[in-house]
>>> print(open('run_35.txt').read())   # compact mmCIF, C-alpha atoms and all ligand atoms
# COMPACT_ATOMS: atom_id res chain seq x y z
CA MET A 28 57.43 47.72 30.70
CA HIS A 29 55.38 50.81 31.43
CA LEU A 30 53.59 52.50 28.53
CA LYS A 31 53.28 56.18 29.44
CA THR A 32 51.24 57.78 26.68
CA LEU A 33 49.58 56.75 23.46
CA THR A 34 48.63 59.33 20.86
CA LEU A 35 46.35 58.43 17.97
CA LYS A 36 45.63 60.69 15.01
CA GLY A 37 43.56 59.43 12.09
CA PHE A 38 43.98 55.84 13.31
CA LYS A 39 40.79 53.80 12.83
CA SER A 40 37.93 55.47 14.73
CA PHE A 41 40.24 58.14 16.24
CA ALA A 42 39.90 60.92 13.68
CA ASP A 43 40.95 63.67 16.10
CA THR A 44 44.26 63.68 17.90
CA THR A 45 43.64 61.68 21.07
CA THR A 46 46.22 61.19 23.81
CA LEU A 47 45.78 58.56 26.48
CA GLU A 48 47.84 59.14 29.63
CA LEU A 49 48.45 55.69 31.03
CA GLU A 50 49.24 56.48 34.65
CA PRO A 51 50.73 53.65 36.70
CA GLY A 52 47.84 51.54 37.89
CA VAL A 53 45.77 51.80 34.70
CA THR A 54 44.93 48.19 34.00
CA VAL A 55 41.72 48.32 32.02
CA VAL A 56 39.89 50.39 29.41
CA VAL A 57 36.11 50.25 29.69
CA GLY A 58 33.54 51.36 27.12
CA PRO A 59 30.41 50.39 25.25
CA ASN A 60 30.55 47.92 22.37
CA GLY A 61 32.10 49.39 19.27
CA SER A 62 33.45 52.45 21.06
CA GLY A 63 37.04 51.74 20.01
CA LYS A 64 38.63 49.84 22.94
CA SER A 65 40.23 47.22 20.69
CA ASN A 66 41.35 49.98 18.30
CA ILE A 67 43.57 51.22 21.16
CA VAL A 68 45.18 47.78 21.48
CA ASP A 69 45.54 47.68 17.68
CA ALA A 70 47.31 51.05 17.82
CA VAL A 71 49.85 49.69 20.33
CA ALA A 72 50.53 46.61 18.19
CA TRP A 73 50.69 48.75 15.04
CA VAL A 74 53.14 51.35 16.34
CA LEU A 75 55.40 48.55 17.57
CA GLY A 76 55.70 47.33 13.97
CA ALA A 77 52.78 44.93 13.34
CA GLN A 78 53.03 43.87 9.70
CA GLY A 79 50.08 41.73 8.64
CA PRO A 80 46.81 43.70 8.38
CA ARG A 81 45.13 40.85 10.23
CA THR A 82 47.22 41.57 13.32
CA VAL A 83 45.31 44.86 13.56
CA ARG A 84 41.98 43.31 12.51
CA SER A 85 42.02 44.83 9.02
CA GLY A 86 41.67 43.51 5.49
CA LYS A 87 44.49 45.68 4.17
CA MET A 88 46.88 47.95 6.00
CA GLU A 89 45.29 51.09 4.52
CA ASP A 90 42.11 50.25 6.50
CA VAL A 91 43.74 51.57 9.67
CA ILE A 92 43.40 55.11 8.28
CA PHE A 93 40.20 56.87 9.40
CA ALA A 94 37.70 55.97 6.69
CA GLY A 95 35.25 58.80 7.36
CA THR A 96 31.67 58.89 8.61
CA ALA A 97 28.42 60.46 7.41
CA LYS A 98 29.52 63.71 9.05
CA ARG A 99 33.25 63.61 8.53
CA ALA A 100 35.48 63.08 5.53
CA ALA A 101 38.09 60.35 5.43
CA LEU A 102 41.65 61.26 6.31
CA GLY A 103 44.80 60.74 4.28
CA ARG A 104 47.07 59.39 7.00
CA ALA A 105 47.13 57.47 10.28
CA GLU A 106 49.62 58.34 12.99
CA VAL A 107 50.33 56.67 16.31
CA GLU A 108 52.96 57.63 18.87
CA LEU A 109 53.76 55.52 21.91
CA THR A 110 55.93 56.77 24.76
CA ILE A 111 57.56 54.09 26.89
CA ASP A 112 59.03 54.71 30.32
CA ASN A 113 62.61 53.47 30.13
CA THR A 114 63.87 54.37 33.61
CA SER A 115 64.44 50.65 34.21
CA GLY A 116 66.71 50.60 31.13
CA MET A 117 64.76 47.75 29.56
CA LEU A 118 65.24 49.23 26.10
CA PRO A 119 68.88 49.41 24.98
CA ILE A 120 68.89 53.20 24.68
CA ASP A 121 70.33 55.62 27.19
CA LEU A 122 67.15 57.66 27.73
CA ALA A 123 64.50 57.67 30.46
CA GLU A 124 61.71 57.94 27.88
CA VAL A 125 61.48 56.45 24.42
CA SER A 126 58.89 57.52 21.85
CA ILE A 127 58.15 55.34 18.87
CA SER A 128 55.93 56.65 16.10
CA ARG A 129 54.53 55.23 12.92
CA THR A 130 52.71 57.01 10.08
CA LEU A 131 50.92 55.48 7.11
CA PHE A 132 49.73 57.41 4.06
CA ARG A 133 46.98 56.32 1.69
CA ASN A 134 49.48 55.83 -1.14
CA GLY A 135 51.12 53.12 0.99
CA ASP A 136 54.13 55.14 2.14
CA SER A 137 54.99 54.61 5.75
CA GLU A 138 57.39 56.23 8.20
CA TYR A 139 58.84 55.22 11.53
CA ALA A 140 60.62 57.40 14.06
CA ILE A 141 62.34 56.86 17.40
CA ASN A 142 62.32 59.98 19.57
CA GLY A 143 61.37 62.02 16.53
CA VAL A 144 64.29 60.77 14.43
CA PRO A 145 63.13 58.97 11.25
CA CYS A 146 64.23 55.36 11.20
CA ARG A 147 63.53 51.99 9.60
CA LEU A 148 61.12 49.33 10.82
CA LEU A 149 64.21 47.19 11.50
CA ASP A 150 65.48 49.81 13.99
CA VAL A 151 62.18 49.66 15.88
CA GLN A 152 62.27 45.85 15.86
CA GLU A 153 65.86 45.77 17.09
CA LEU A 154 65.11 48.30 19.80
CA LEU A 155 62.29 46.09 21.06
CA SER A 156 63.79 42.68 20.46
CA ASP A 157 65.51 42.43 23.86
CA SER A 158 62.43 43.57 25.75
CA GLY A 159 60.34 40.54 24.75
CA VAL A 160 58.09 42.66 22.51
CA GLY A 161 58.90 40.68 19.42
CA ARG A 162 57.92 40.77 15.82
CA GLN A 163 55.06 38.34 16.29
CA GLN A 164 53.41 40.48 18.95
CA HIS A 165 52.61 37.56 21.23
CA VAL A 166 52.77 39.84 24.23
CA ILE A 167 49.53 41.39 22.99
CA VAL A 168 46.81 38.80 23.34
CA GLY A 169 43.71 40.04 21.56
CA GLN A 170 40.10 38.95 21.82
CA GLY A 171 39.77 35.27 20.97
CA MET A 172 43.56 34.88 20.80
CA LEU A 173 43.75 33.25 24.20
CA ASP A 174 41.81 30.32 22.78
CA SER A 175 44.20 29.90 19.87
CA VAL A 176 47.20 30.09 22.25
CA LEU A 177 45.73 27.37 24.46
CA ASN A 178 44.81 25.20 21.47
CA ALA A 179 48.11 25.77 19.65
CA ARG A 180 50.37 22.83 18.76
CA PRO A 181 53.11 22.27 21.37
CA GLU A 182 55.83 23.64 19.05
CA ASP A 183 53.78 26.81 18.35
CA ARG A 184 53.13 27.27 22.06
CA ARG A 185 56.84 26.81 22.70
CA ALA A 186 57.56 29.59 20.16
CA ILE A 187 55.18 31.91 22.05
CA VAL A 188 56.87 31.20 25.39
CA GLU A 189 60.32 31.51 23.82
CA GLU A 190 59.48 34.85 22.27
CA ALA A 191 58.09 36.23 25.53
CA ALA A 192 61.22 34.99 27.35
CA GLY A 193 63.51 36.54 24.72
CA VAL A 194 64.92 33.15 23.69
CA LEU A 195 63.40 33.08 20.21
CA LYS A 196 65.83 35.73 18.98
CA TYR A 197 68.80 33.48 19.84
CA ARG A 198 67.14 30.40 18.36
CA LYS A 199 66.52 32.30 15.11
CA ARG A 200 70.16 33.50 15.11
CA LYS A 201 71.35 29.92 15.74
CA GLU A 202 69.22 28.62 12.85
CA LYS A 203 70.60 31.35 10.60
CA ALA A 204 74.19 30.54 11.62
CA GLU A 205 73.57 26.83 10.97
CA ARG A 206 72.20 27.60 7.50
CA ARG A 207 75.29 29.70 6.72
CA LEU A 208 77.59 26.95 8.00
CA GLU A 209 75.84 24.43 5.77
CA ALA A 210 76.21 26.75 2.76
CA THR A 211 79.91 27.28 3.58
CA GLU A 212 80.47 23.51 3.84
CA GLY A 213 78.87 23.12 0.39
CA ASN A 214 81.16 25.84 -0.98
CA LEU A 215 84.22 24.14 0.53
CA LEU A 216 83.23 20.85 -1.06
CA ARG A 217 82.82 22.52 -4.46
CA LEU A 218 86.19 24.23 -3.99
CA SER A 219 88.03 20.96 -3.22
CA ASP A 220 86.40 19.36 -6.30
CA LEU A 221 87.63 22.30 -8.37
CA LEU A 222 91.14 22.05 -6.88
CA ARG A 223 91.31 18.34 -7.67
CA GLU A 224 90.21 19.01 -11.25
CA VAL A 225 92.73 21.84 -11.73
CA ARG A 226 95.57 19.68 -10.30
CA ARG A 227 94.58 16.88 -12.67
CA GLN A 228 94.83 19.28 -15.63
CA LEU A 229 98.08 20.73 -14.32
CA ARG A 230 100.15 17.49 -14.48
CA PRO A 231 100.11 17.06 -18.29
CA LEU A 232 100.63 20.81 -18.66
CA GLU A 233 103.78 20.60 -16.53
CA ARG A 234 105.07 17.74 -18.65
CA GLN A 235 104.36 19.79 -21.78
CA ALA A 236 106.12 22.81 -20.28
CA GLU A 237 109.28 20.73 -19.60
CA ALA A 238 109.31 19.00 -22.97
CA PRO A 239 110.09 21.88 -25.43
CA PRO A 240 113.55 22.84 -24.01
CA ARG A 241 114.71 19.18 -24.21
CA ARG A 242 113.52 18.93 -27.79
CA ALA A 243 115.05 22.31 -28.61
CA ARG A 244 118.40 21.16 -27.15
CA ARG A 245 118.30 18.00 -29.25
CA ARG A 246 117.47 20.05 -32.34
CA ALA A 247 120.29 22.52 -31.60
CA ASP A 248 122.81 19.65 -31.17
CA ARG A 249 121.93 18.37 -34.61
CA HIS A 250 122.49 21.84 -36.19
CA PRO A 251 125.63 21.95 -38.55
CA LEU A 252 126.99 25.05 -36.82
CA ALA A 253 126.81 23.35 -33.46
CA ARG A 254 128.63 20.31 -34.84
CA ARG A 255 131.38 22.55 -36.31
CA ARG A 256 131.78 24.35 -32.99
CA ALA A 257 132.00 21.06 -31.22
CA ARG A 258 134.75 19.93 -33.61
CA ALA A 259 136.66 23.22 -33.13
CA GLY A 260 136.47 22.67 -29.38
CA ASP A 261 138.08 19.23 -29.88
CA VAL A 262 140.99 20.77 -31.83
CA ALA A 263 141.55 23.50 -29.23
CA THR A 264 141.74 20.82 -26.56
CA ALA A 265 144.24 18.86 -28.63
CA HIS A 266 146.43 22.03 -29.03
CA GLY A 267 146.22 22.76 -25.35
CA VAL A 268 147.41 19.24 -24.56
CA GLY A 269 150.23 19.59 -27.13
CA ARG A 270 151.51 22.82 -25.53
CA ALA A 271 151.31 21.32 -22.09
CA VAL A 272 153.51 18.47 -23.29
CA ALA A 273 155.94 20.77 -25.24
CA ARG A 274 156.48 23.38 -22.44
CA PRO A 275 158.38 21.20 -19.94
CA ALA A 276 160.67 20.13 -22.83
CA ARG A 277 161.65 23.81 -23.54
CA VAL A 278 162.48 24.48 -19.85
CA ARG A 279 164.75 21.62 -19.82
P1 LIG A 301 33.77 45.53 21.26
O1 LIG A 301 33.61 45.81 22.70
O2 LIG A 301 32.53 45.16 20.56
O3 LIG A 301 34.91 44.59 20.93
P2 LIG A 301 35.40 47.84 20.82
O4 LIG A 301 35.13 48.90 21.80
O5 LIG A 301 36.63 47.03 21.01
O6 LIG A 301 34.16 46.90 20.57
P3 LIG A 301 36.55 48.46 18.30
O7 LIG A 301 36.47 47.17 17.66
O8 LIG A 301 37.85 48.95 18.84
O9 LIG A 301 35.45 48.57 19.40
O10 LIG A 301 36.06 49.61 17.31
C1 LIG A 301 35.16 49.34 16.30
C2 LIG A 301 34.77 50.64 15.71
O11 LIG A 301 35.87 51.24 15.05
C3 LIG A 301 33.69 50.44 14.71
O12 LIG A 301 32.65 51.40 14.94
C4 LIG A 301 34.34 50.73 13.40
O13 LIG A 301 33.48 51.34 12.46
C5 LIG A 301 35.41 51.70 13.81
N1 LIG A 301 36.50 51.71 12.83
C6 LIG A 301 37.39 50.73 12.59
N2 LIG A 301 38.22 51.09 11.59
C7 LIG A 301 37.88 52.33 11.21
C8 LIG A 301 38.35 53.25 10.23
N3 LIG A 301 39.40 52.96 9.43
N4 LIG A 301 37.74 54.44 10.10
C9 LIG A 301 36.72 54.75 10.90
N5 LIG A 301 36.21 53.94 11.83
C10 LIG A 301 36.77 52.74 12.00
>>> encode(input="run_35.txt", output="structure tokens")
Amino acid sequence: MHLKTLTLKGFKSFADTTTLELEPGVTVVVGPNGSGKSNIVDAVAWVLGAQGPRTVRSGKMEDVIFAGTAKRAALGRAEVELTIDNTSGMLPIDLAEVSISRTLFRNGDSEYAINGVPCRLLDVQELLSDSGVGRQQHVIVGQGMLDSVLNARPEDRRAIVEEAAGVLKYRKRKEKAERRLEATEGNLLRLSDLLREVRRQLRPLERQAEAPPRRARRRADRHPLARRRARAGDVATAHGVGRAVARPARVR
């Protein structure tokens, strides 16, 4: 990935707007001790979304704002803009150049923008995630960091290599998917318990629901009116039988 320009304004020791044109072939920044070389590296890490103040060698994030000198007053905001050459299409955006900028105000407000369009930190992280420039900034190895990389535990070193290779993103996604699967399995288990319980309660309810009509029928059969009707029905049947017997006699 080729970084084309870096503009710093109010970031650490860079009170004035300073633009560094990083022509192809620029491989090193030289300067006396304390002249701000590491501040340039900090600016790159910061604009790419560095979160912990320690990642930019500060106690608190506000410390990246120019704090003032004997001759110059402190500033109220720090701004960094990084332009990346994207002719190789490494970043998933259909543009030959991508500018990412970050601004921090003393009250803690911060802003991000991609090609001048305000966006969220997440958008910057997603834009960079496929390029190997991950959240943990392992592609930027600061002073003394090489030691900690070499002395890291095997699993930590593996995470560094995985992030640089772009594998970490998929491992994180897999872990997330596994956690969701586990939660879903738990939910399913709870659901089947609930179903079993509801079915258990349903059986006696069904029996109760069937019972009243039977009882009501029995009660209705015992009612005097019903008995009278039943008797009347018997008589009608007897008459019907009588007529049926009498009719053939009349024909004859
Ligand atoms: P070395 O070669 O010793 O590592 P360097 O060139 O990398 O030094 P940096 O560490 O980048 O230097 O810069 C340190 C300087 O930046 C110090 O003079 C420090 O006072 C200044 N500085 C850091 N933060 C701020 C700030 N918020 N406001 C003003 N100056 C700052």
>>> atom_distance(input="run_35.txt", atom1="atom CA of A:Ser40", atom2="atom CA of A:Glu108")
15.7 Å
>>> residues_near_ligand(input="run_35.txt", ligand="ligand LIG 301 (chain A)", cutoff="7 Å", atoms="only C-alpha atoms and all ligand atoms", output="PyMOL selection string")
chain A and resi 38-40+58-67+90-96
>>> atom_distance(input="run_35.txt", atom1="atom CA of A:Val56", atom2="atom CA of A:Lys31")
14.6 Å
>>> atom_distance(input="run_35.txt", atom1="atom CA of A:Met88", atom2="atom CA of A:Ile187")
24.2 Å
>>> axis_aligned_box(input="run_35.txt", around="stretch 98-105 of chain A", padding_each_side="8 Å", output="JSON")
{"center_x": 38.3, "center_y": 60.6, "center_z": 7.3, "size_x": 33.6, "size_y": 22.2, "size_z": 22.0}
>>> residues_around(input="run_35.txt", residues="stretch 145-149 of chain A", least_positions_apart="6", cutoff="12 Å", atoms="all atoms listed in the file", output="ChimeraX atom specification")
/A:73-78,126-130,137-139,155-156,161-162
>>> closest_residue(input="run_35.txt", among="A:Gln152, A:Thr82, A:Thr32, A:Asn134", to="A:Pro51", atoms="all atoms listed in the file")
A:Thr32
>>> closest_residue(input="run_35.txt", among="A:Ala186, A:Ala179, A:Leu109, A:Ala101", to="A:Glu48", atoms="only C-alpha atoms")
A:Leu109
>>> residues_near_point(input="run_35.txt", point="(41.4, 56.3, 20.3)", cutoff="6 Å", atoms="all atoms listed in the file", output="PyMOL selection string")
chain A and resi 35+41+45+67
>>> closest_residue(input="run_35.txt", among="A:Met28, A:Gly213, A:Leu218, A:Val176", to="A:Thr114", atoms="all atoms listed in the file")
A:Met28
>>> residues_near_point(input="run_35.txt", point="(63.6, 58.2, 24.0)", cutoff="6 Å", atoms="only C-alpha atoms", output="list in words")
Leu122, Glu124, Val125, Ser126 and Asn142 of chain A
>>> closest_residue(input="run_35.txt", among="A:Gly169, A:Lys87, A:Leu33, A:Ala42", to="A:Val107", atoms="only C-alpha atoms")
A:Leu33
>>> build_atoms(input="run_35.txt", residues="stretch 89-116 of chain A", atoms="N, CA and C atoms", output="mmCIF file, in the coordinates of the input")
data_model
loop_
_atom_site.group_PDB
_atom_site.id
_atom_site.type_symbol
_atom_site.label_atom_id
_atom_site.label_comp_id
_atom_site.auth_asym_id
_atom_site.auth_seq_id
_atom_site.Cartn_x
_atom_site.Cartn_y
_atom_site.Cartn_z
ATOM 1 N N GLU A 89 45.861 49.749 4.714
ATOM 2 C CA GLU A 89 45.290 51.090 4.520
ATOM 3 C C GLU A 89 44.012 51.281 5.361
ATOM 4 N N ASP A 90 43.356 50.157 5.720
ATOM 5 C CA ASP A 90 42.110 50.250 6.500
ATOM 6 C C ASP A 90 42.296 50.836 7.885
ATOM 7 N N VAL A 91 43.558 50.975 8.332
ATOM 8 C CA VAL A 91 43.740 51.570 9.670
ATOM 9 C C VAL A 91 43.579 53.090 9.613
ATOM 10 N N ILE A 92 43.573 53.653 8.401
ATOM 11 C CA ILE A 92 43.400 55.110 8.280
ATOM 12 C C ILE A 92 41.904 55.440 8.419
ATOM 13 N N PHE A 93 41.599 56.470 9.178
ATOM 14 C CA PHE A 93 40.200 56.870 9.400
ATOM 15 C C PHE A 93 39.459 56.941 8.070
ATOM 16 N N ALA A 94 38.381 56.126 7.974
ATOM 17 C CA ALA A 94 37.700 55.970 6.690
ATOM 18 C C ALA A 94 36.566 56.975 6.475
ATOM 19 N N GLY A 95 36.302 57.803 7.495
ATOM 20 C CA GLY A 95 35.250 58.800 7.360
ATOM 21 C C GLY A 95 33.910 58.284 7.870
ATOM 22 N N THR A 96 33.026 59.229 8.168
ATOM 23 C CA THR A 96 31.670 58.890 8.610
ATOM 24 C C THR A 96 30.709 59.750 7.799
ATOM 25 N N ALA A 97 29.420 59.660 8.129
ATOM 26 C CA ALA A 97 28.420 60.460 7.410
ATOM 27 C C ALA A 97 28.720 61.950 7.584
ATOM 28 N N LYS A 98 29.307 62.277 8.743
ATOM 29 C CA LYS A 98 29.520 63.710 9.050
ATOM 30 C C LYS A 98 30.948 64.177 8.792
ATOM 31 N N ARG A 99 31.829 63.229 8.602
ATOM 32 C CA ARG A 99 33.250 63.610 8.530
ATOM 33 C C ARG A 99 33.984 62.904 7.400
ATOM 34 N N ALA A 100 34.771 63.669 6.691
ATOM 35 C CA ALA A 100 35.480 63.080 5.530
ATOM 36 C C ALA A 100 36.615 62.172 5.992
ATOM 37 N N ALA A 101 36.969 61.269 5.130
ATOM 38 C CA ALA A 101 38.090 60.350 5.430
ATOM 39 C C ALA A 101 39.390 61.148 5.504
ATOM 40 N N LEU A 102 40.350 60.586 6.200
ATOM 41 C CA LEU A 102 41.650 61.260 6.310
ATOM 42 C C LEU A 102 42.675 60.566 5.403
ATOM 43 N N GLY A 103 43.776 61.273 5.199
ATOM 44 C CA GLY A 103 44.800 60.740 4.280
ATOM 45 C C GLY A 103 45.927 59.999 4.970
ATOM 46 N N ARG A 104 45.966 60.073 6.300
ATOM 47 C CA ARG A 104 47.070 59.390 7.000
ATOM 48 C C ARG A 104 46.660 58.969 8.418
ATOM 49 N N ALA A 105 47.330 57.923 8.895
ATOM 50 C CA ALA A 105 47.130 57.470 10.280
ATOM 51 C C ALA A 105 48.462 57.620 10.998
ATOM 52 N N GLU A 106 48.395 58.168 12.211
ATOM 53 C CA GLU A 106 49.620 58.340 12.990
ATOM 54 C C GLU A 106 49.400 57.833 14.408
ATOM 55 N N VAL A 107 50.387 57.124 14.914
ATOM 56 C CA VAL A 107 50.330 56.670 16.310
ATOM 57 C C VAL A 107 51.698 56.915 16.928
ATOM 58 N N GLU A 108 51.693 57.457 18.146
ATOM 59 C CA GLU A 108 52.960 57.630 18.870
ATOM 60 C C GLU A 108 52.817 57.005 20.256
ATOM 61 N N LEU A 109 53.786 56.193 20.607
ATOM 62 C CA LEU A 109 53.760 55.520 21.910
ATOM 63 C C LEU A 109 55.000 55.926 22.686
ATOM 64 N N THR A 110 54.776 56.414 23.918
ATOM 65 C CA THR A 110 55.930 56.770 24.760
ATOM 66 C C THR A 110 56.080 55.722 25.850
ATOM 67 N N ILE A 111 57.273 55.164 25.916
ATOM 68 C CA ILE A 111 57.560 54.090 26.890
ATOM 69 C C ILE A 111 58.485 54.635 27.968
ATOM 70 N N ASP A 112 58.159 54.321 29.204
ATOM 71 C CA ASP A 112 59.030 54.710 30.320
ATOM 72 C C ASP A 112 60.229 53.758 30.329
ATOM 73 N N ASN A 113 61.419 54.331 30.203
ATOM 74 C CA ASN A 113 62.610 53.470 30.130
ATOM 75 C C ASN A 113 63.551 53.714 31.314
ATOM 76 N N THR A 114 62.983 54.129 32.453
ATOM 77 C CA THR A 114 63.870 54.370 33.610
ATOM 78 C C THR A 114 64.514 53.066 34.074
ATOM 79 N N SER A 115 63.861 51.952 33.808
ATOM 80 C CA SER A 115 64.440 50.650 34.210
ATOM 81 C C SER A 115 65.541 50.203 33.236
ATOM 82 N N GLY A 116 65.665 50.935 32.114
ATOM 83 C CA GLY A 116 66.710 50.600 31.130
ATOM 84 C C GLY A 116 66.409 49.326 30.354
#
